[in-house]
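Chemist: Handing over structure.cif, mmCIF, C-alpha atoms.
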```
data_start
loop_
_atom_site.label_atom_id
_atom_site.label_comp_id
_atom_site.auth_asym_id
_atom_site.auth_seq_id
_atom_site.Cartn_x
_atom_site.Cartn_y
_atom_site.Cartn_z
CA MET A 227 53.81 -31.89 -42.46
CA THR A 228 51.03 -34.22 -43.58
CA PRO A 229 48.47 -33.02 -46.13
CA PHE A 230 45.86 -32.90 -43.35
CA GLU A 231 48.10 -30.73 -41.17
CA LYS A 232 48.70 -28.51 -44.21
CA LEU A 233 44.93 -28.20 -44.68
CA LEU A 234 44.47 -27.25 -41.01
CA THR A 235 47.26 -24.69 -41.19
CA PHE A 236 45.68 -23.24 -44.34
CA LEU A 237 42.29 -23.04 -42.71
CA ILE A 238 43.45 -21.25 -39.57
CA SER A 239 46.03 -19.04 -41.23
CA GLY A 240 43.47 -16.31 -41.94
CA TRP A 241 41.95 -16.45 -38.47
CA LYS A 242 42.41 -13.71 -35.93
CA LEU A 243 40.35 -12.98 -32.86
CA ASP A 244 38.44 -9.86 -33.78
CA LEU A 245 36.70 -8.50 -30.68
CA ALA A 246 34.61 -6.09 -32.73
CA VAL A 247 33.14 -8.95 -34.76
CA LEU A 248 32.55 -11.02 -31.63
CA GLY A 249 30.89 -8.05 -29.93
CA LYS A 250 28.68 -7.42 -32.93
CA LEU A 251 27.66 -11.09 -33.15
CA GLY A 252 26.98 -11.16 -29.40
CA ALA A 253 24.86 -8.02 -29.53
CA LEU A 254 22.88 -9.25 -32.54
CA ALA A 255 22.36 -12.67 -30.92
CA LEU A 256 21.00 -10.89 -27.84
CA LEU A 257 18.61 -8.86 -29.99
CA VAL A 258 17.41 -11.98 -31.83
CA ILE A 259 16.79 -13.70 -28.48
CA TYR A 260 14.87 -10.60 -27.37
CA LEU A 261 12.73 -10.74 -30.51
CA ILE A 262 11.96 -14.42 -29.84
CA PHE A 263 11.12 -13.55 -26.23
CA SER A 264 8.70 -10.82 -27.35
CA LEU A 265 6.95 -13.33 -29.65
CA VAL A 266 6.68 -15.73 -26.70
CA VAL A 267 5.04 -12.88 -24.75
CA VAL A 268 2.40 -12.49 -27.49
CA ARG A 269 1.67 -16.21 -27.36
CA GLN A 270 1.52 -16.18 -23.57
CA VAL A 271 -0.88 -13.21 -23.46
CA ARG A 272 -3.15 -15.18 -25.80
CA LEU A 273 -2.95 -18.26 -23.57
CA MET A 274 -3.53 -16.22 -20.41
CA SER A 275 -6.52 -14.49 -22.02
CA ARG A 276 -8.04 -17.88 -22.79
CA THR A 277 -7.66 -18.92 -19.16
CA PHE A 278 -8.96 -15.70 -17.68
CA HIS A 279 -10.81 -12.94 -19.49
CA SER A 280 -11.58 -9.52 -18.04
CA GLY A 281 -11.96 -7.25 -21.06
CA ALA A 282 -8.48 -5.70 -20.91
CA GLU A 283 -6.89 -8.45 -22.99
CA PRO A 284 -7.05 -6.67 -26.40
CA TYR A 285 -5.00 -3.81 -24.91
CA LEU A 286 -2.50 -6.24 -23.39
CA LEU A 287 -2.20 -8.08 -26.67
CA ALA A 288 -1.65 -4.77 -28.46
CA GLY A 289 1.04 -3.98 -25.88
CA SER A 290 2.79 -7.27 -26.57
CA TRP A 291 2.75 -6.54 -30.32
CA VAL A 292 4.29 -3.12 -29.56
CA LEU A 293 7.04 -5.03 -27.75
CA VAL A 294 7.58 -7.18 -30.87
CA GLY A 295 7.71 -3.98 -32.96
CA LEU A 296 10.29 -2.41 -30.64
CA ALA A 297 12.39 -5.60 -30.66
CA SER A 298 12.31 -5.70 -34.48
CA LEU A 299 13.22 -2.02 -34.76
CA VAL A 300 16.17 -2.32 -32.40
CA LEU A 301 17.37 -5.47 -34.20
CA LEU A 302 17.20 -3.58 -37.48
CA LEU A 303 19.04 -0.66 -35.92
CA GLY A 304 21.66 -3.09 -34.59
CA LEU A 305 22.18 -4.52 -38.07
CA ILE A 306 22.63 -1.02 -39.49
CA ILE A 307 24.80 0.74 -36.93
CA LEU A 308 26.93 -2.06 -35.45
CA MET B 280 -45.64 -19.84 -16.07
CA VAL B 281 -42.55 -18.64 -17.91
CA GLU B 282 -42.57 -15.49 -15.74
CA ILE B 283 -42.09 -17.62 -12.65
CA PHE B 284 -38.86 -19.06 -14.00
CA LYS B 285 -37.67 -15.65 -15.20
CA ALA B 286 -38.32 -14.00 -11.86
CA SER B 287 -35.43 -13.04 -9.63
CA PRO B 288 -34.83 -15.54 -6.82
CA ALA B 289 -35.01 -12.63 -4.37
CA ARG B 290 -38.74 -12.29 -5.08
CA HIS B 291 -39.25 -15.85 -3.89
CA GLY B 292 -37.24 -15.46 -0.70
CA HIS B 293 -34.03 -17.09 -2.00
CA GLU B 294 -31.83 -14.03 -2.16
CA THR B 295 -28.35 -15.22 -2.96
CA VAL B 296 -25.00 -13.59 -2.20
CA ALA B 297 -24.73 -12.81 -5.93
CA ASP B 298 -28.10 -11.03 -5.79
CA ARG B 299 -27.07 -9.00 -2.77
CA MET B 300 -23.78 -8.01 -4.40
CA LYS B 301 -25.10 -7.51 -7.91
CA ASN B 302 -23.94 -3.86 -8.00
CA VAL B 303 -20.35 -4.75 -7.18
CA LEU B 304 -19.93 -8.00 -9.10
CA PRO B 305 -16.97 -7.95 -11.50
CA LYS B 306 -18.27 -7.24 -14.99
CA ARG B 307 -17.13 -8.83 -18.27
CA VAL B 308 -15.00 -11.31 -16.34
CA HIS B 309 -15.02 -15.00 -17.13
CA PHE B 310 -12.62 -17.89 -16.94
CA GLU B 311 -11.82 -21.04 -18.87
CA THR B 312 -13.68 -23.59 -16.74
CA GLN B 313 -16.62 -21.39 -15.75
CA GLU B 314 -19.97 -23.15 -15.86
CA ALA B 315 -22.97 -21.63 -17.59
CA LYS B 316 -24.84 -20.55 -14.43
CA GLU B 317 -21.79 -19.88 -12.32
CA LYS B 318 -21.50 -16.27 -11.12
CA ILE B 319 -18.22 -14.61 -10.21
CA ILE B 320 -18.66 -12.86 -6.87
CA LEU B 321 -15.14 -11.55 -6.27
CA LEU B 322 -12.11 -11.05 -8.46
CA LEU B 323 -9.01 -10.78 -6.31
CA ARG B 324 -5.48 -9.75 -7.16
CA GLN B 325 -2.53 -9.05 -4.93
CA HIS B 326 -2.70 -5.61 -3.33
CA TRP B 327 -0.92 -2.92 -5.36
CA PHE B 328 1.49 -2.29 -2.53
CA THR B 329 3.02 -5.77 -3.02
CA GLN B 330 4.20 -4.55 -6.43
CA VAL B 331 6.11 -1.57 -5.08
CA GLY B 332 9.35 -3.61 -4.83
CA TRP B 333 9.75 -4.18 -8.55
CA VAL B 334 8.50 -0.68 -9.38
CA LEU B 335 11.29 0.79 -7.24
CA ALA B 336 13.76 -1.59 -8.88
CA VAL B 337 12.62 -0.28 -12.29
CA VAL B 338 13.09 3.33 -11.18
CA ALA B 339 16.64 2.49 -10.07
CA MET B 340 17.28 0.63 -13.36
CA LEU B 341 16.05 3.65 -15.38
CA PHE B 342 18.75 5.84 -13.88
CA LEU B 343 21.57 3.30 -14.14
CA PRO B 344 22.84 4.54 -17.57
CA LEU B 345 23.41 7.95 -15.94
CA VAL B 346 25.98 6.24 -13.71
CA PHE B 347 28.01 5.53 -16.84
CA ASN B 348 28.52 9.29 -17.22
CA VAL B 349 30.15 9.41 -13.79
CA ILE B 350 31.89 6.02 -13.71
CA PRO B 351 33.40 5.19 -17.12
CA ILE B 352 32.54 1.46 -17.16
CA ILE B 353 31.68 1.16 -20.84
CA ASP B 354 33.93 3.92 -22.16
CA PHE B 355 36.20 1.36 -23.87
CA LEU B 356 33.34 0.62 -26.31
CA PRO B 357 32.94 2.58 -29.56
CA ASP B 358 30.10 5.14 -29.61
CA ASN B 359 27.70 2.99 -31.66
CA TYR B 360 28.15 0.07 -29.24
CA ARG B 361 27.56 2.33 -26.26
CA PHE B 362 24.39 3.67 -27.87
CA MET B 363 23.17 0.11 -28.54
CA ALA B 364 24.05 -0.99 -25.00
CA VAL B 365 21.89 1.78 -23.52
CA LEU B 366 19.07 1.01 -25.99
CA VAL B 367 19.15 -2.71 -25.16
CA TRP B 368 19.19 -1.84 -21.46
CA TYR B 369 15.96 0.18 -21.81
CA LEU B 370 14.45 -2.57 -23.95
CA LEU B 371 15.17 -5.06 -21.17
CA ILE B 372 13.54 -2.72 -18.65
CA ILE B 373 10.40 -2.50 -20.83
CA ALA B 374 10.28 -6.32 -21.05
CA PHE B 375 10.75 -6.61 -17.29
CA ILE B 376 7.93 -4.12 -16.59
CA TYR B 377 5.59 -5.87 -19.01
CA GLU B 378 6.36 -9.33 -17.66
CA GLN B 379 5.88 -8.23 -14.04
CA PHE B 380 2.63 -6.47 -14.88
CA LEU B 381 1.25 -9.47 -16.78
CA SER B 382 2.21 -11.82 -13.95
CA TRP B 383 0.31 -9.59 -11.52
CA PHE B 384 -2.66 -9.01 -13.81
CA PHE B 385 -3.28 -12.66 -14.66
CA ASP B 386 -2.41 -14.06 -11.24
CA VAL B 387 -5.93 -13.96 -9.80
CA TRP B 388 -8.28 -15.59 -7.38
CA LEU B 389 -11.89 -15.84 -8.37
CA ILE B 390 -14.60 -16.49 -5.85
CA THR B 391 -17.73 -17.74 -7.54
CA ASP B 392 -21.00 -18.89 -6.04
CA GLU B 393 -19.72 -22.47 -6.41
CA ARG B 394 -15.96 -22.46 -5.81
CA VAL B 395 -12.73 -20.58 -5.27
CA VAL B 396 -10.43 -20.65 -8.27
CA ASP B 397 -6.75 -19.79 -8.10
CA ILE B 398 -5.23 -18.93 -11.49
CA HIS B 399 -1.52 -18.64 -11.00
CA PHE B 400 0.94 -17.53 -13.66
CA SER B 401 4.58 -17.00 -12.95
CA ASN B 402 7.32 -15.79 -15.30
CA LEU B 403 5.04 -16.19 -18.34
CA LEU B 404 5.79 -19.88 -18.79
CA TYR B 405 4.20 -21.55 -15.80
CA LYS B 406 0.46 -21.80 -15.28
CA GLN B 407 -1.38 -23.46 -12.44
CA VAL B 408 -5.14 -23.50 -11.91
CA SER B 409 -6.43 -24.87 -8.61
CA GLU B 410 -9.89 -24.76 -7.19
CA ALA B 411 -11.78 -25.53 -4.00
CA LYS B 412 -15.52 -26.15 -3.94
CA ILE B 413 -17.35 -23.87 -1.53
CA ASP B 414 -19.05 -26.88 0.09
CA ASN B 415 -15.61 -28.45 0.68
CA ILE B 416 -14.41 -25.45 2.66
CA GLU B 417 -14.30 -26.28 6.36
CA ASP B 418 -12.62 -23.29 7.86
CA VAL B 419 -11.77 -19.78 6.69
CA THR B 420 -9.23 -17.58 8.46
CA TYR B 421 -7.25 -14.49 7.60
CA ASN B 422 -4.09 -12.90 8.91
CA GLN B 423 -2.80 -9.41 8.54
CA GLY B 424 0.60 -9.25 10.23
CA GLY B 425 2.74 -6.13 10.21
CA VAL B 426 2.37 -2.38 10.06
CA ILE B 427 2.33 -2.15 6.25
CA LYS B 428 -0.44 -4.74 5.86
CA ALA B 429 -2.51 -3.07 8.57
CA MET B 430 -1.95 0.37 7.06
CA PHE B 431 -2.87 -0.66 3.51
CA ASP B 432 -5.49 -3.21 4.62
CA TYR B 433 -4.30 -6.36 2.93
CA GLY B 434 -3.44 -9.86 4.10
CA ASN B 435 -3.69 -13.59 3.54
CA VAL B 436 -6.88 -15.62 3.59
CA SER B 437 -6.50 -19.33 4.35
CA LEU B 438 -9.11 -21.90 3.46
CA GLN B 439 -9.04 -25.29 5.10
CA THR B 440 -10.77 -27.75 2.82
CA ALA B 441 -11.91 -31.35 3.01
CA ALA B 442 -10.53 -31.98 -0.47
CA GLU B 443 -7.18 -33.48 -1.47
CA GLN B 444 -5.53 -30.07 -1.42
CA LYS B 445 -6.06 -29.30 2.27
CA LEU B 446 -4.92 -25.72 2.50
CA PHE B 447 -5.79 -23.05 0.00
CA GLU B 448 -4.17 -19.68 0.50
CA ILE B 449 -5.17 -16.38 -1.04
CA LYS B 450 -2.13 -14.19 -0.58
CA ASP B 451 -1.88 -10.43 -0.03
CA VAL B 452 -5.43 -9.57 -1.05
CA PRO B 453 -7.08 -6.25 -0.18
CA SER B 454 -9.69 -6.27 2.63
CA PRO B 455 -9.21 -9.90 3.74
CA ASN B 456 -11.93 -9.48 6.39
CA ARG B 457 -14.46 -8.74 3.65
CA VAL B 458 -13.27 -11.77 1.67
CA VAL B 459 -13.75 -14.01 4.71
CA GLN B 460 -17.22 -12.53 5.24
CA VAL B 461 -18.23 -13.26 1.64
CA LEU B 462 -16.81 -16.80 1.83
CA ASN B 463 -18.74 -17.48 5.03
CA GLU B 464 -21.94 -16.16 3.43
CA LEU B 465 -21.34 -18.42 0.41
CA LYS B 466 -20.73 -21.40 2.71
CA LEU B 467 -24.02 -20.76 4.47
CA GLU B 468 -25.79 -20.34 1.15
CA GLU B 469 -24.35 -23.63 -0.10
CA GLU B 470 -25.49 -25.41 3.08
CA GLU B 471 -28.99 -23.93 2.68
CA GLU B 472 -29.08 -25.05 -0.96
CA LYS B 473 -28.12 -28.56 0.09
CA LEU B 474 -30.83 -28.66 2.74
CA GLN B 475 -33.43 -27.42 0.26
CA GLY B 476 -32.16 -29.76 -2.47
CA ARG B 477 -31.21 -26.85 -4.75
CA ALA B 478 -27.44 -27.52 -4.81
CA ARG B 479 -25.89 -27.67 -8.30
#
```
With the file now loaded, output its structure as structure tokens.
Modeler:
Amino acid sequence: MTPFEKLLTFLISGWKLDLAVLGKLGALALLVIYLIFSLVVVRQVRLMSRTFHSGAEPYLLAGSWVLVGLASLVLLLGLIIL
Amino acid sequence: MVEIFKASPARHGHETVADRMKNVLPKRVHFETQEAKEKIILLLRQHWFTQVGWVLAVVAMLFLPLVFNVIPIIDFLPDNYRFMAVLVWYLLIIAFIYEQFLSWFFDVWLITDERVVDIHFSNLLYKQVSEAKIDNIEDVTYNQGGVIKAMFDYGNVSLQTAAEQKLFEIKDVPSPNRVVQVLNELKLEEEEEKLQGRAR
């Protein structure tokens, strides 16, 4: 066994496919993507309001911030309970 | 002298469509490329009935987690994962509702005294603004096919224009006959303005 092969064997010796860890990482990745999506929504509501304004935009913007708040809360909850 | 310029055009025999409809003009509405003297006559959105499809889908989605009580699809997951799965599911539903509502709310047609503007947003990332000058409109027609459209009084209005974009379609708007009537009145008004040399 060459030193490089020894190194590889050493590196993978502690590995084992842990579904729980994979599941947790997957769920957290999903929640992070959701948080990014909710921030995109805020930006889009701002852009849409610039294009067309009818007076309801402050409420819609507030709604999109509520979405960001919910996404953050659930991400936090995911970090705690998963 | 100043009074003459401040006076309503109606008092001088030039009653415009905007003057006639001043009680029903959309208030506090303006758009990005609106000119200073341009008046919005109609603000059109798709009829509410066209949104029923996704609303029903949402209702079905709301009850989906109850199915998990009957059919044990996610029973192999630990309790905390199951709880998070249901929470994420409802979060996705909220995002879907909000996205659909925003797409409907900001997807509008504006008929001003100068032009027809189509502001089209789809899936939050795509925006298209097209317009047709009233004096470029050659022909206005509407169609209202089907029982549902007749019952709820909505349909498509098609504008044939002389501009590069030949056909302009206003889809699923309420009272298309009224929209056509207003567009014809605006066309006439624009022609009159041209004849009298008042066109902007």
Chemist: Of the candidates B:Glu448, B:His399, B:Ile376, B:Gln423, which shows the shortest atom-to-atom distance to A:Gly289, using only C-alpha atoms?
Modeler: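 Under the stated criterion, the closest residue is B:Ile376.
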Chemist: Which residues fall under the PyMOL selection byres ((chain B) within 6 of (chain A)) in this file, as a ChimeraX atom specification?
Modeler: /B:307-311
Chemist: Can you give me, as a PDB file with C-alpha atoms, keeping the file's coordinate frame, the residues this file yields under the PyMOL selection byres ((chain B and resi 419) around 9)?
Modeler:
```
ATOM      1  CA  ILE B 416     -14.410 -25.450   2.660  1.00  0.00           C
ATOM      2  CA  GLU B 417     -14.300 -26.280   6.360  1.00  0.00           C
ATOM      3  CA  ASP B 418     -12.620 -23.290   7.860  1.00  0.00           C
ATOM      4  CA  THR B 420      -9.230 -17.580   8.460  1.00  0.00           C
ATOM      5  CA  TYR B 421      -7.250 -14.490   7.600  1.00  0.00           C
ATOM      6  CA  VAL B 436      -6.880 -15.620   3.590  1.00  0.00           C
ATOM      7  CA  SER B 437      -6.500 -19.330   4.350  1.00  0.00           C
ATOM      8  CA  LEU B 438      -9.110 -21.900   3.460  1.00  0.00           C
ATOM      9  CA  GLN B 439      -9.040 -25.290   5.100  1.00  0.00           C
ATOM     10  CA  THR B 440     -10.770 -27.750   2.820  1.00  0.00           C
ATOM     11  CA  VAL B 459     -13.750 -14.010   4.710  1.00  0.00           C
ATOM     12  CA  LEU B 462     -16.810 -16.800   1.830  1.00  0.00           C
ATOM     13  CA  ASN B 463     -18.740 -17.480   5.030  1.00  0.00           C
TER      14      ASN B 463
END
```
Chemist: Taking the file as shown, what set of residues would the PyMOL selection byres ((chain B and resi 468) around 10) give back, as a list in words?
Modeler: His293, Glu294, Thr295, Val296, Asp392, Glu393, Ile413, Asp414, Leu462, Asn463, Glu464, Leu465, Lys466, Leu467, Glu469, Glu470, Glu471, Glu472, Lys473, Leu474 and Ala478 of chain B
Chemist: How many Å separate atom CA of B:Ile390 from atom CA of B:Ala315?
Modeler: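 Straight-line distance from atom CA of B:Ile390 to atom CA of B:Ala315 works out to 15.3 Å.
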Chemist: Give me, please, the distance in Å between atom CA of B:Phe355 and atom CA of A:Ile262, quoted to one decimal.
Modeler: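 So the answer is 29.5 Å.
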Chemist: Skipping near chain neighbours, those fewer than 3 positions away, what residues fall within 8 Å of stretch 377-389 of chain B using all atoms listed in the file, listed as a PyMOL selection string?
Modeler: (chain A and resi 271+274+278) or (chain B and resi 319-325+333+373-374+395-403+449)
Chemist: Given only C-alpha atoms as the basis, pick out the residue of B:Met430, B:Ile372, B:Val367, B:Ala411 nearest to A:Ser298.
Modeler: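 For A:Ser298, the nearest of the given residues is B:Val367.
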Chemist: May I ask which of the residues B:Ala364, B:Ala336, B:Leu341, B:Leu404 is the closest one to A:Gly252, counting only C-alpha atoms?
Modeler: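 Residue with the minimum atom-to-atom distance to A:Gly252: B:Ala364.
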Chemist: Is it possible to add N, CA and C atoms to stretch 465-479 of chain B and hand it back as a tab-separated table (two decimals), in the frame of the given file?
Modeler:
```tsv
chain	number	residue	atom	x	y	z
B	465	LEU	N	-21.19	-17.42	1.48
B	465	LEU	CA	-21.34	-18.42	0.41
B	465	LEU	C	-21.43	-19.84	0.98
B	466	LYS	N	-20.67	-20.08	2.05
B	466	LYS	CA	-20.73	-21.40	2.71
B	466	LYS	C	-22.13	-21.65	3.25
B	467	LEU	N	-22.67	-20.63	3.92
B	467	LEU	CA	-24.02	-20.76	4.47
B	467	LEU	C	-25.04	-21.00	3.36
B	468	GLU	N	-24.86	-20.21	2.29
B	468	GLU	CA	-25.79	-20.34	1.15
B	468	GLU	C	-25.73	-21.76	0.56
B	469	GLU	N	-24.52	-22.29	0.45
B	469	GLU	CA	-24.35	-23.63	-0.10
B	469	GLU	C	-25.01	-24.68	0.81
B	470	GLU	N	-24.86	-24.48	2.13
B	470	GLU	CA	-25.49	-25.41	3.08
B	470	GLU	C	-27.01	-25.35	2.96
B	471	GLU	N	-27.53	-24.11	2.84
B	471	GLU	CA	-28.99	-23.93	2.68
B	471	GLU	C	-29.48	-24.62	1.42
B	472	GLU	N	-28.71	-24.44	0.33
B	472	GLU	CA	-29.08	-25.05	-0.96
B	472	GLU	C	-29.11	-26.58	-0.84
B	473	LYS	N	-28.16	-27.11	-0.09
B	473	LYS	CA	-28.12	-28.56	0.09
B	473	LYS	C	-29.34	-29.04	0.84
B	474	LEU	N	-29.67	-28.28	1.90
B	474	LEU	CA	-30.83	-28.66	2.74
B	474	LEU	C	-32.12	-28.60	1.90
B	475	GLN	N	-32.20	-27.59	1.05
B	475	GLN	CA	-33.43	-27.42	0.26
B	475	GLN	C	-33.37	-28.21	-1.06
B	476	GLY	N	-32.29	-28.93	-1.25
B	476	GLY	CA	-32.16	-29.76	-2.47
B	476	GLY	C	-31.98	-28.95	-3.73
B	477	ARG	N	-31.41	-27.69	-3.58
B	477	ARG	CA	-31.21	-26.85	-4.75
B	477	ARG	C	-29.75	-26.82	-5.19
B	478	ALA	N	-28.88	-27.57	-4.50
B	478	ALA	CA	-27.44	-27.52	-4.81
B	478	ALA	C	-27.18	-28.01	-6.21
B	479	ARG	N	-26.23	-27.28	-6.92
B	479	ARG	CA	-25.89	-27.67	-8.30
B	479	ARG	C	-24.84	-28.77	-8.32
```
